[in-house]
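Novice: One file is attached below, target.tsv, containing TSV, C-alpha atoms.
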```tsv
chain	number	residue	atom	x	y	z
A	695	MET	CA	0.73	-177.58	34.97
A	696	GLN	CA	-0.41	-174.55	36.96
A	697	GLU	CA	3.23	-173.70	37.69
A	698	ILE	CA	4.08	-173.74	33.97
A	699	VAL	CA	1.15	-171.42	33.13
A	700	THR	CA	2.22	-169.05	35.89
A	701	LEU	CA	5.82	-169.03	34.63
A	702	ILE	CA	4.69	-168.33	31.04
A	703	GLN	CA	2.86	-165.23	32.28
A	704	ASP	CA	5.79	-164.03	34.40
A	705	PRO	CA	8.26	-161.70	32.57
A	706	ALA	CA	10.90	-162.40	35.24
A	707	ALA	CA	10.71	-166.11	34.39
A	708	TRP	CA	11.42	-165.34	30.71
A	709	VAL	CA	14.43	-163.23	31.68
A	710	ALA	CA	15.69	-166.05	33.91
A	711	LEU	CA	15.16	-168.56	31.08
A	712	ILE	CA	17.07	-166.50	28.49
A	713	THR	CA	19.90	-165.80	30.94
A	714	LEU	CA	20.16	-169.46	31.90
A	715	VAL	CA	20.10	-170.65	28.26
A	716	VAL	CA	22.97	-168.30	27.41
A	717	MET	CA	24.87	-169.43	30.51
A	718	GLU	CA	24.34	-173.12	29.69
A	719	VAL	CA	25.45	-172.61	26.07
A	720	VAL	CA	28.63	-170.84	27.23
A	721	LEU	CA	29.37	-173.59	29.75
A	722	GLY	CA	28.75	-176.16	27.01
A	723	ILE	CA	31.58	-174.72	24.87
A	724	ASP	CA	34.16	-176.47	27.06
A	725	ASN	CA	32.43	-179.80	26.62
A	726	LEU	CA	32.01	-179.26	22.88
A	727	ILE	CA	35.69	-178.51	22.29
A	728	PHE	CA	36.68	-181.70	24.11
A	729	ILE	CA	34.16	-183.80	22.15
A	730	SER	CA	35.33	-182.29	18.83
A	731	ILE	CA	39.01	-182.99	19.46
A	732	LEU	CA	38.38	-186.49	20.79
A	733	THR	CA	36.03	-187.64	18.00
A	734	ASN	CA	38.39	-186.28	15.32
A	735	LYS	CA	40.83	-189.02	16.42
A	736	LEU	CA	38.32	-191.67	15.31
A	737	PRO	CA	37.94	-193.04	11.76
A	738	PRO	CA	35.77	-190.63	9.68
A	739	GLU	CA	32.82	-193.04	9.50
A	740	HIS	CA	32.51	-193.17	13.31
A	741	ARG	CA	32.95	-189.49	14.18
A	742	GLU	CA	29.45	-188.09	13.77
A	743	ARG	CA	27.86	-191.06	15.55
A	744	ALA	CA	30.29	-190.64	18.46
A	745	ARG	CA	29.45	-186.92	18.70
A	746	LYS	CA	25.70	-187.60	18.73
A	747	ILE	CA	26.05	-190.33	21.35
A	748	GLY	CA	28.35	-188.17	23.51
A	749	ILE	CA	26.04	-185.14	23.39
A	750	GLY	CA	22.97	-187.35	23.85
A	751	LEU	CA	24.55	-188.81	26.98
A	752	ALA	CA	25.24	-185.27	28.21
A	753	LEU	CA	21.54	-184.43	27.83
A	754	ILE	CA	20.42	-187.61	29.60
A	755	MET	CA	22.90	-187.04	32.42
A	756	ARG	CA	21.85	-183.42	32.96
A	757	LEU	CA	18.14	-184.24	32.94
A	758	ALA	CA	18.78	-187.11	35.37
A	759	LEU	CA	20.71	-184.77	37.67
A	760	LEU	CA	17.86	-182.26	37.51
A	761	GLY	CA	15.61	-185.01	38.85
A	762	THR	CA	17.83	-185.29	41.91
A	763	ILE	CA	18.20	-181.59	42.76
A	764	ALA	CA	17.99	-182.24	46.51
A	765	TRP	CA	20.98	-184.57	46.20
A	766	ILE	CA	22.81	-182.17	43.86
A	767	VAL	CA	22.51	-179.34	46.37
A	768	GLN	CA	24.10	-181.59	49.01
A	769	LEU	CA	27.16	-181.99	46.78
A	770	THR	CA	28.23	-178.50	47.78
A	771	GLU	CA	28.31	-179.35	51.51
A	772	PRO	CA	31.88	-179.80	52.89
A	773	LEU	CA	33.05	-183.37	53.53
A	774	PHE	CA	36.41	-182.55	55.09
A	775	GLU	CA	38.77	-179.62	55.52
A	776	ALA	CA	42.34	-179.32	54.25
A	777	PHE	CA	44.64	-176.36	53.55
A	778	GLY	CA	42.04	-174.08	55.10
A	779	HIS	CA	39.34	-175.11	52.59
A	780	GLY	CA	36.31	-177.32	53.12
A	781	PHE	CA	36.20	-179.84	50.27
A	782	SER	CA	32.79	-181.00	49.01
A	783	TRP	CA	31.85	-183.69	46.47
A	784	LYS	CA	31.52	-180.93	43.88
A	785	ASP	CA	35.10	-179.80	44.59
A	786	LEU	CA	36.44	-183.34	44.30
A	787	ILE	CA	34.57	-183.89	41.01
A	788	LEU	CA	35.92	-180.62	39.59
A	789	ILE	CA	39.49	-181.46	40.67
A	790	ALA	CA	39.27	-184.95	39.16
A	791	GLY	CA	37.81	-183.58	35.92
A	792	GLY	CA	40.43	-180.81	35.81
A	793	LEU	CA	43.29	-183.27	36.29
A	794	PHE	CA	41.85	-185.48	33.54
A	795	LEU	CA	41.58	-182.50	31.15
A	796	VAL	CA	45.13	-181.33	31.92
A	797	TRP	CA	46.46	-184.86	31.36
A	798	LYS	CA	44.45	-185.30	28.14
A	799	ALA	CA	45.44	-181.92	26.71
A	800	THR	CA	49.10	-182.49	27.61
A	801	LYS	CA	49.09	-185.91	25.92
A	802	GLU	CA	47.44	-184.49	22.81
A	803	ILE	CA	49.92	-181.60	22.62
A	804	HIS	CA	52.74	-184.16	22.87
A	805	HIS	CA	51.20	-186.18	20.04
A	806	SER	CA	50.81	-183.04	17.92
A	807	VAL	CA	54.42	-181.99	18.49
A	808	ASP	CA	55.77	-185.53	18.00
A	809	PRO	CA	53.30	-187.24	15.63
A	810	ILE	CA	55.73	-190.10	14.89
A	811	ASP	CA	55.29	-191.49	18.40
A	812	HIS	CA	52.08	-193.51	18.13
A	813	GLN	CA	52.86	-195.98	20.88
A	814	GLU	CA	51.24	-193.84	23.59
A	815	ASP	CA	48.14	-192.89	21.65
A	816	PHE	CA	45.22	-193.03	24.03
A	817	ILE	CA	42.85	-194.40	21.38
A	818	ALA	CA	43.50	-198.01	20.45
A	819	THR	CA	44.24	-199.06	16.89
A	820	SER	CA	41.03	-201.08	16.74
A	821	ALA	CA	38.07	-199.00	15.54
A	822	THR	CA	35.74	-200.73	18.00
A	823	SER	CA	37.90	-200.21	21.06
A	824	GLY	CA	38.72	-196.67	19.87
A	825	PHE	CA	35.03	-195.84	19.64
A	826	ALA	CA	34.33	-197.31	23.08
A	827	SER	CA	37.32	-195.45	24.55
A	828	ALA	CA	36.14	-192.14	23.08
A	829	ILE	CA	32.58	-192.61	24.39
A	830	GLY	CA	33.93	-193.54	27.84
A	831	GLN	CA	36.09	-190.41	28.02
A	832	ILE	CA	33.25	-188.20	26.74
A	833	LEU	CA	30.96	-189.71	29.39
A	834	LEU	CA	33.51	-188.94	32.11
A	835	LEU	CA	33.79	-185.28	31.10
A	836	ASP	CA	30.02	-185.09	30.59
A	837	LEU	CA	29.64	-185.94	34.27
A	838	VAL	CA	32.04	-183.20	35.37
A	839	PHE	CA	30.52	-180.50	33.15
A	840	SER	CA	26.96	-181.65	33.92
A	841	VAL	CA	27.44	-181.34	37.69
A	842	ASP	CA	28.91	-177.85	37.23
A	843	SER	CA	26.13	-176.90	34.82
A	844	ILE	CA	23.27	-178.10	37.02
A	845	ILE	CA	24.66	-176.52	40.19
A	846	THR	CA	24.94	-173.24	38.24
A	847	ALA	CA	21.32	-173.64	37.08
A	848	VAL	CA	20.10	-174.33	40.62
A	849	GLY	CA	21.87	-171.19	41.81
A	850	MET	CA	20.19	-169.03	39.15
A	851	THR	CA	16.55	-170.13	39.40
A	852	PRO	CA	14.41	-172.26	41.73
A	853	HIS	CA	12.02	-173.31	38.93
A	854	LEU	CA	12.61	-176.82	37.54
A	855	PRO	CA	10.75	-176.25	34.20
A	856	ILE	CA	13.07	-173.32	33.41
A	857	MET	CA	16.14	-175.47	34.16
A	858	VAL	CA	14.85	-178.31	31.95
A	859	ILE	CA	14.10	-176.01	29.00
A	860	ALA	CA	17.49	-174.27	29.35
A	861	VAL	CA	19.38	-177.58	29.46
A	862	ILE	CA	17.52	-178.97	26.42
A	863	ALA	CA	18.10	-175.72	24.47
A	864	ALA	CA	21.82	-175.67	25.34
A	865	VAL	CA	22.36	-179.32	24.41
A	866	THR	CA	20.44	-178.78	21.13
A	867	VAL	CA	22.86	-175.95	20.27
A	868	MET	CA	25.76	-178.28	21.08
A	869	LEU	CA	24.28	-180.96	18.81
A	870	VAL	CA	23.90	-178.53	15.89
A	871	ALA	CA	27.36	-176.98	16.35
A	872	ALA	CA	29.32	-180.20	17.04
A	873	THR	CA	30.02	-181.37	13.48
A	874	PRO	CA	30.77	-177.91	11.96
A	875	LEU	CA	33.14	-177.14	14.86
A	876	ALA	CA	34.87	-180.51	14.58
A	877	ASN	CA	35.27	-180.12	10.80
A	878	PHE	CA	36.64	-176.59	11.23
A	879	ILE	CA	39.18	-177.81	13.80
A	880	GLU	CA	40.24	-180.66	11.52
A	881	ARG	CA	40.70	-178.39	8.48
A	882	ASN	CA	42.88	-175.96	10.41
A	883	PRO	CA	45.78	-177.68	12.22
A	884	THR	CA	46.76	-174.54	14.14
A	885	ILE	CA	43.25	-174.42	15.59
A	886	VAL	CA	43.86	-177.87	17.10
A	887	MET	CA	46.76	-176.55	19.18
A	888	LEU	CA	44.70	-173.52	20.21
A	889	ALA	CA	41.80	-175.77	21.24
A	890	LEU	CA	44.18	-177.97	23.25
A	891	ALA	CA	45.50	-174.86	24.99
A	892	PHE	CA	41.88	-173.98	25.82
A	893	LEU	CA	41.37	-177.44	27.33
A	894	LEU	CA	44.56	-177.02	29.35
A	895	MET	CA	43.32	-173.68	30.67
A	896	ILE	CA	39.85	-175.06	31.39
A	897	GLY	CA	41.35	-178.02	33.26
A	898	THR	CA	43.53	-175.70	35.34
A	899	THR	CA	40.48	-173.53	36.08
A	900	LEU	CA	38.49	-176.58	37.24
A	901	ILE	CA	41.32	-177.59	39.59
A	902	ALA	CA	41.53	-174.04	40.98
A	903	GLU	CA	37.75	-173.95	41.51
A	904	GLY	CA	37.89	-177.30	43.30
A	905	MET	CA	40.68	-176.03	45.55
A	906	GLY	CA	38.56	-173.04	46.57
A	907	PHE	CA	40.09	-170.38	44.31
A	908	HIS	CA	37.25	-168.71	42.42
A	909	VAL	CA	38.20	-167.86	38.85
A	910	PRO	CA	35.65	-165.54	37.16
A	911	LYS	CA	34.40	-167.34	34.06
A	912	GLY	CA	34.25	-164.04	32.20
A	913	TYR	CA	38.04	-163.70	32.35
A	914	VAL	CA	38.53	-167.23	31.03
A	915	TYR	CA	36.11	-166.88	28.13
A	916	ALA	CA	37.40	-163.39	27.30
A	917	ALA	CA	40.93	-164.82	27.01
A	918	MET	CA	39.63	-167.67	24.84
A	919	ALA	CA	37.72	-165.25	22.60
A	920	PHE	CA	40.76	-162.97	22.21
A	921	SER	CA	43.03	-165.92	21.35
A	922	ALA	CA	40.48	-167.22	18.84
A	923	LEU	CA	40.23	-163.75	17.23
A	924	VAL	CA	44.03	-163.55	16.87
A	925	GLU	CA	44.08	-167.00	15.27
A	926	VAL	CA	41.30	-166.04	12.84
A	927	LEU	CA	43.31	-162.98	11.79
A	928	ASN	CA	46.36	-165.25	11.31
A	929	MET	CA	44.25	-167.54	9.12
A	930	PHE	CA	43.13	-164.60	6.97
A	931	ALA	CA	46.77	-163.48	6.64
A	932	ARG	CA	47.92	-166.99	5.64
A	933	ASN	CA	45.14	-167.30	3.06
A	934	ALA	CA	45.99	-163.86	1.63
A	935	ARG	CA	49.66	-164.85	1.27
A	936	LYS	CA	48.64	-168.15	-0.33
A	937	ARG	CA	46.41	-166.41	-2.89
A	938	LYS	CA	49.20	-163.92	-3.62
A	939	ARG	CA	51.70	-166.74	-4.28
A	940	GLU	CA	49.20	-168.56	-6.51
A	941	GLY	CA	48.51	-165.33	-8.40
A	942	ALA	CA	52.24	-164.80	-8.95
A	943	HIS	CA	52.48	-168.21	-10.60
```
If you took the structure in this file and wrote it as structure tokens, what would it be?
Specialist:
Amino acid sequence: MQEIVTLIQDPAAWVALITLVVMEVVLGIDNLIFISILTNKLPPEHRERARKIGIGLALIMRLALLGTIAWIVQLTEPLFEAFGHGFSWKDLILIAGGLFLVWKATKEIHHSVDPIDHQEDFIATSATSGFASAIGQILLLDLVFSVDSIITAVGMTPHLPIMVIAVIAAVTVMLVAATPLANFIERNPTIVMLALAFLLMIGTTLIAEGMGFHVPKGYVYAAMAFSALVEVLNMFARNARKRKREGAH
């Protein structure tokens, strides 16, 4: 309790909190895009519940990892060396998560390009098994992004209360933004392909990070923001042409 009072009175702690909240929200964008695309494959009546469960699991997982900070820090210690790089548990988790994202995004792009081929759809035809499959895949990616998120938080501040507040704030933002983002993606088919390209890039970045090649997050998010801006301009142009055609008739 004394530590919390001290932190409240410390301006540096507030700066660290705001910085960490922003960082956690930005890192949560990757997770949110994946959840939005995956839950949009479910029947409409199951989508919002799947999003809430997936994001709720992300919160539980991150808070649980915060309770094991000593163990989390050990995840960055090298286990073995290969190709001139010492691989840690964190590296292996990032590589596995990156490979999963690349595979998932590639499969979804294939389904978008060739929608007639439903035989390889990763979500089963049964609503129950489809829901369970979606939650399982969300949980898997939650683990990858949670480990990355918590290790980032540990590197930015030594104070556990600040980490907890930042994680709760970031996950709350994800919860509020999940349904509007998913609905926006569903209403705009071209956005789906852009979001899949983002997932492909994020997966490749995770693999590179796991292999020891540091990719500045700012470059990745700047590229994503620029691509999203171009697509928004394309949407405005398409809507303007549509209104013009309707006005001509």
Novice: Kindly indicate which residue among A:Leu923, A:Thr762, A:Leu714, A:Met905 lies nearest to A:Glu775, using only C-alpha atoms for the distances.
Specialist: A:Met905
Novice: Please determine, counting all atoms listed in the file, which residue among A:Ala826, A:Met929, A:Leu833, A:Ile845 has the shortest atom-to-atom distance to A:Trp765.
Specialist: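 So, comparing all the options, the nearest one is A:Ile845.
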Novice: So that I can check the surroundings of stretch 777-791 of chain A, please list as a PyMOL selection string every protein, DNA and RNA residue that reaches within 8 Å of it, counting only C-alpha atoms and ignoring chain neighbours fewer than 2 positions away.
Specialist: chain A and resi 769-775+793-795+834-835+838+841-842+897+900-906
Novice: Please produce an output containing C-alpha atoms for each residue in the selection, written as a short mmCIF file (atom, residue, chain, number, x, y, z; two decimals), in the frame of the given file.
Specialist:
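The resulting file, again_36.cif, is shown below:
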```
data_model
loop_
_atom_site.label_atom_id
_atom_site.label_comp_id
_atom_site.auth_asym_id
_atom_site.auth_seq_id
_atom_site.Cartn_x
_atom_site.Cartn_y
_atom_site.Cartn_z
CA LEU A 769 27.16 -181.99 46.78
CA THR A 770 28.23 -178.50 47.78
CA GLU A 771 28.31 -179.35 51.51
CA PRO A 772 31.88 -179.80 52.89
CA LEU A 773 33.05 -183.37 53.53
CA PHE A 774 36.41 -182.55 55.09
CA GLU A 775 38.77 -179.62 55.52
CA LEU A 793 43.29 -183.27 36.29
CA PHE A 794 41.85 -185.48 33.54
CA LEU A 795 41.58 -182.50 31.15
CA LEU A 834 33.51 -188.94 32.11
CA LEU A 835 33.79 -185.28 31.10
CA VAL A 838 32.04 -183.20 35.37
CA VAL A 841 27.44 -181.34 37.69
CA ASP A 842 28.91 -177.85 37.23
CA GLY A 897 41.35 -178.02 33.26
CA LEU A 900 38.49 -176.58 37.24
CA ILE A 901 41.32 -177.59 39.59
CA ALA A 902 41.53 -174.04 40.98
CA GLU A 903 37.75 -173.95 41.51
CA GLY A 904 37.89 -177.30 43.30
CA MET A 905 40.68 -176.03 45.55
CA GLY A 906 38.56 -173.04 46.57
#
```
Novice: Just the residues within 8 Å of stretch 728-730 of chain A, please, counting all atoms listed in the file, with nothing from its chain fewer than 5 positions along; format it as a short mmCIF file (atom, residue, chain, number, x, y, z; two decimals) with C-alpha atoms, in the frame of the given file.
Specialist:
```cif
data_model
loop_
_atom_site.label_atom_id
_atom_site.label_comp_id
_atom_site.auth_asym_id
_atom_site.auth_seq_id
_atom_site.Cartn_x
_atom_site.Cartn_y
_atom_site.Cartn_z
CA ARG A 745 29.45 -186.92 18.70
CA GLY A 748 28.35 -188.17 23.51
CA ILE A 832 33.25 -188.20 26.74
CA ALA A 872 29.32 -180.20 17.04
CA THR A 873 30.02 -181.37 13.48
CA LEU A 875 33.14 -177.14 14.86
CA ALA A 876 34.87 -180.51 14.58
CA ILE A 879 39.18 -177.81 13.80
CA LEU A 893 41.37 -177.44 27.33
#
```
Novice: Using only C-alpha atoms, pick whichever of A:Thr800, A:Thr846, A:Ser827, A:Asn725 has the shortest atom-to-atom distance to A:Ala891.
Specialist: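 Of A:Thr800, A:Thr846, A:Ser827, A:Asn725, the one nearest A:Ala891, counting only C-alpha atoms, is A:Thr800.
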Novice: In Å, rounded to a single decimal, give me how far atom CA of A:Ile754 is from atom CA of A:Ile731.
Specialist: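 Value for the atom CA of A:Ile731-atom CA of A:Ile754 distance: 21.7 Å.
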Novice: Please identify all polymer residues within 12 Å of A:Lys746, counting all atoms listed in the file, omitting same-chain residues fewer than 6 positions from it, and present them as an mmCIF file with C-alpha atoms, in the frame of the given file.
Specialist:
```
data_model
loop_
_atom_site.group_PDB
_atom_site.id
_atom_site.type_symbol
_atom_site.label_atom_id
_atom_site.label_comp_id
_atom_site.auth_asym_id
_atom_site.auth_seq_id
_atom_site.Cartn_x
_atom_site.Cartn_y
_atom_site.Cartn_z
ATOM 1 C CA LEU A 726 32.010 -179.260 22.880
ATOM 2 C CA ILE A 729 34.160 -183.800 22.150
ATOM 3 C CA SER A 730 35.330 -182.290 18.830
ATOM 4 C CA THR A 733 36.030 -187.640 18.000
ATOM 5 C CA HIS A 740 32.510 -193.170 13.310
ATOM 6 C CA ALA A 752 25.240 -185.270 28.210
ATOM 7 C CA LEU A 753 21.540 -184.430 27.830
ATOM 8 C CA ILE A 829 32.580 -192.610 24.390
ATOM 9 C CA ILE A 832 33.250 -188.200 26.740
ATOM 10 C CA VAL A 865 22.360 -179.320 24.410
ATOM 11 C CA THR A 866 20.440 -178.780 21.130
ATOM 12 C CA MET A 868 25.760 -178.280 21.080
ATOM 13 C CA LEU A 869 24.280 -180.960 18.810
ATOM 14 C CA VAL A 870 23.900 -178.530 15.890
ATOM 15 C CA ALA A 871 27.360 -176.980 16.350
ATOM 16 C CA ALA A 872 29.320 -180.200 17.040
ATOM 17 C CA THR A 873 30.020 -181.370 13.480
#
```
Novice: Report, in Å with one decimal, the straight-line distance from atom CA of A:Lys735 to atom CA of A:Trp797.
Specialist: 16.5 Å
Novice: Find, counting all atoms listed in the file, the residue in A:Gln831, A:Ser843, A:Asn877, A:Ser806 that gets nearest to A:Gly722.
Specialist: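 Looking only at the distances to A:Gly722, the closest residue turns out to be A:Ser843.
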Novice: Provide the atom CA of A:Phe825 to atom CA of A:Leu736 distance in Å, to one decimal place.
Specialist: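 Atom-to-atom, atom CA of A:Phe825 and atom CA of A:Leu736 are spaced 6.9 Å apart.
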Novice: Using all atoms listed in the file, pick whichever of A:Leu760, A:Leu927, A:Ala916, A:Val716 has the shortest atom-to-atom distance to A:Met857.
Specialist: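 For A:Met857, the nearest of the candidates is A:Leu760.
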Novice: Which one is closest to A:Thr899: A:Ala919, A:Leu759, A:Val796, A:Ala860? Count only C-alpha atoms.
Specialist: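 Looking only at the distances to A:Thr899, the closest residue turns out to be A:Val796.
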Novice: Kindly add N, CA and C atoms to the incomplete stretch 751-765 of chain A and provide the output as a PDB file, keeping the file's coordinate frame.
Specialist:
```pdb
ATOM      1  N   LEU A 751      24.279-188.394  25.599  1.00  0.00           N
ATOM      2  CA  LEU A 751      24.550-188.810  26.980  1.00  0.00           C
ATOM      3  C   LEU A 751      24.625-187.604  27.911  1.00  0.00           C
ATOM      4  N   ALA A 752      25.178-186.494  27.397  1.00  0.00           N
ATOM      5  CA  ALA A 752      25.240-185.270  28.210  1.00  0.00           C
ATOM      6  C   ALA A 752      23.829-184.791  28.551  1.00  0.00           C
ATOM      7  N   LEU A 753      22.916-184.848  27.577  1.00  0.00           N
ATOM      8  CA  LEU A 753      21.540-184.430  27.830  1.00  0.00           C
ATOM      9  C   LEU A 753      20.874-185.334  28.859  1.00  0.00           C
ATOM     10  N   ILE A 754      21.027-186.654  28.666  1.00  0.00           N
ATOM     11  CA  ILE A 754      20.420-187.610  29.600  1.00  0.00           C
ATOM     12  C   ILE A 754      20.961-187.410  31.008  1.00  0.00           C
ATOM     13  N   MET A 755      22.277-187.203  31.107  1.00  0.00           N
ATOM     14  CA  MET A 755      22.900-187.040  32.420  1.00  0.00           C
ATOM     15  C   MET A 755      22.405-185.770  33.104  1.00  0.00           C
ATOM     16  N   ARG A 756      22.289-184.687  32.356  1.00  0.00           N
ATOM     17  CA  ARG A 756      21.850-183.420  32.960  1.00  0.00           C
ATOM     18  C   ARG A 756      20.386-183.475  33.379  1.00  0.00           C
ATOM     19  N   LEU A 757      19.543-184.106  32.562  1.00  0.00           N
ATOM     20  CA  LEU A 757      18.140-184.240  32.940  1.00  0.00           C
ATOM     21  C   LEU A 757      17.997-185.153  34.158  1.00  0.00           C
ATOM     22  N   ALA A 758      18.814-186.211  34.210  1.00  0.00           N
ATOM     23  CA  ALA A 758      18.780-187.110  35.370  1.00  0.00           C
ATOM     24  C   ALA A 758      19.218-186.374  36.628  1.00  0.00           C
ATOM     25  N   LEU A 759      20.246-185.535  36.515  1.00  0.00           N
ATOM     26  CA  LEU A 759      20.710-184.770  37.670  1.00  0.00           C
ATOM     27  C   LEU A 759      19.670-183.747  38.118  1.00  0.00           C
ATOM     28  N   LEU A 760      18.919-183.202  37.151  1.00  0.00           N
ATOM     29  CA  LEU A 760      17.860-182.260  37.510  1.00  0.00           C
ATOM     30  C   LEU A 760      16.768-182.950  38.335  1.00  0.00           C
ATOM     31  N   GLY A 761      16.597-184.256  38.086  1.00  0.00           N
ATOM     32  CA  GLY A 761      15.610-185.010  38.850  1.00  0.00           C
ATOM     33  C   GLY A 761      16.061-185.326  40.260  1.00  0.00           C
ATOM     34  N   THR A 762      17.308-185.019  40.558  1.00  0.00           N
ATOM     35  CA  THR A 762      17.830-185.290  41.910  1.00  0.00           C
ATOM     36  C   THR A 762      18.424-184.005  42.488  1.00  0.00           C
ATOM     37  N   ILE A 763      17.689-182.899  42.338  1.00  0.00           N
ATOM     38  CA  ILE A 763      18.200-181.590  42.760  1.00  0.00           C
ATOM     39  C   ILE A 763      18.546-181.573  44.251  1.00  0.00           C
ATOM     40  N   ALA A 764      17.713-182.218  45.062  1.00  0.00           N
ATOM     41  CA  ALA A 764      17.990-182.240  46.510  1.00  0.00           C
ATOM     42  C   ALA A 764      19.352-182.863  46.776  1.00  0.00           C
ATOM     43  N   TRP A 765      19.682-183.916  46.029  1.00  0.00           N
ATOM     44  CA  TRP A 765      20.980-184.570  46.200  1.00  0.00           C
ATOM     45  C   TRP A 765      22.096-183.693  45.631  1.00  0.00           C
TER      46      TRP A 765
END
```
